[in-house]
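Data first, discussion second: the structure below is written as structure tokens.
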Amino acid sequence: MSFWTWLFPRTQAVYTSPLPPEQAMQALCAATARGNLTFTGSVVGSISDKHVHLYHRTVMRNSFKPHFRGSLYATPQGCELRGAYAMPPLVVVFMLFWLGFCVLWTTVAALQLGRFDLLLLPAVLPGLLMPFSGIGLLRLGHHMSSDDPVIVSRVIRQALQSPSA
């Protein structure tokens, strides 16, 4: 596993349904909540004819939780929902900015120092400690939401089953 995959995990998922895409979209809408005034523990998000975006709402805010983003595709047997569980793109961009700033800070501080002196070490320490705190926070967020893909997957699978006759 590469460092990038470890830091920003992305899990592909495919859900099949005997329902046509329009009915599958309606079933997903009925199984999920909309808006900000929803119960804790519910699966929320947006569903349109082109895109599906779902995540599990919990008591604590966690920007590092995986969100499911995908699309419905028609198949001869019904439809498929293809997508991936990953962090929101804005969070990935922020973390890349954070880590890039830390590398830049450390490089500039080390070049400014030019020589090894213990009295100048505090100028380099923030650039060495900040990446570890950011990566630690990111991994803690992943750990705290490790069961979210299972919960969202269960809701999707239940919604996409064929209606009972």
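Residues are referred to by chain and number: the chain letter is A, B, ... according to the order shown in the structure tokens, the number counts from 1 in that chain, and ligands are numbered separately from 1 in the order shown.
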
If we count only C-alpha atoms and set the cut-off at 10 Å, which residues sit around stretch 60-64 of chain A, ignoring sequence neighbours fewer than 4 positions away in its own chain? Please answer as JSON, numbers by chain. {"A": [8, 40, 86, 87, 88, 90, 91, 92, 137, 138, 139, 140, 141, 142, 143, 144, 145]}

Give me a file of those residues, with C-alpha atoms, as a compact mmCIF listing (two decimals), in the first residue's frame.
```txt
# COMPACT_ATOMS: atom_id res chain seq x y z
CA PHE A 8 -6.37 9.06 1.51
CA THR A 40 -28.20 11.49 14.13
CA ALA A 86 -13.50 8.53 -0.17
CA MET A 87 -12.91 11.72 1.77
CA PRO A 88 -14.53 14.87 0.40
CA LEU A 90 -12.04 19.78 -0.36
CA VAL A 91 -10.59 17.95 2.66
CA VAL A 92 -7.98 16.24 0.44
CA LEU A 137 -5.74 13.87 13.07
CA LEU A 138 -6.57 12.48 9.63
CA ARG A 139 -5.99 8.86 10.74
CA LEU A 140 -8.02 9.44 13.93
CA GLY A 141 -10.88 10.71 11.77
CA HIS A 142 -10.65 7.58 9.62
CA HIS A 143 -10.66 5.36 12.69
CA MET A 144 -13.68 7.13 14.21
CA SER A 145 -15.70 6.60 11.01
```

Which residues come within 10 Å of A:Cys29, counting only C-alpha atoms, excluding same-chain residues fewer than 2 positions away, as an MDAnalysis selection string? chainID A and resid 23:27 31:34 44:48 52 159

From a backbone DSSP assignment, name each residue in stretch 116-152 of chain A labelled alpha helix (DSSP H), as JSON, numbers by chain. {"A": [125, 126, 127, 128, 129, 130, 131, 132, 133, 134, 135, 136, 137, 138, 139, 140, 141, 142, 143, 144, 148, 149, 150, 151, 152]}

From the DSSP assignment of the backbone, select every residue of chain A that is strand (DSSP E), and format the answer as number ranges by chain. A: 11-17, 43-47, 52-56, 67-75, 78-86

What separation in Å, quoted to one decimal, exists between atom CA of A:His51 and atom CA of A:Gly70?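 Computing the Euclidean distance for atom CA of A:His51 and atom CA of A:Gly70 yields 5.8 Å.
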
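A straight line drawn from atom CA of A:Ala110 to atom CA of A:Pro126 is 11.7 Å long.
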
Compile the contact shell of A:Thr106 as a list in words: residues with an atom at most 12 Å away, counting only C-alpha atoms, same-chain residues fewer than 4 positions apart removed. Leu99, Gly100, Phe101, Cys102, Ala110, Leu111, Gln112, Leu113, Leu121, Pro122, Ala123, Val124, Leu125, Pro126, Gly127, Leu128, Leu129, Met130 and Pro131 of chain A

How many Å lie between atom CA of A:Gly83 and atom CA of A:Phe3, rounded to one decimal?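 So the two atoms, atom CA of A:Gly83 and atom CA of A:Phe3, lie 22.3 Å apart.
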
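Across A:Met95, A:Ala74, A:Val103, A:Ile151, the tightest approach to A:Pro18 is made by A:Ala74 when counting only C-alpha atoms.
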
Name the closest residue to A:Arg10 among the candidates A:Arg69, A:Glu80, A:Trp105, A:Trp98; distances are taken between atoms, counting only C-alpha atoms.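 Nearest to A:Arg10: A:Arg69.
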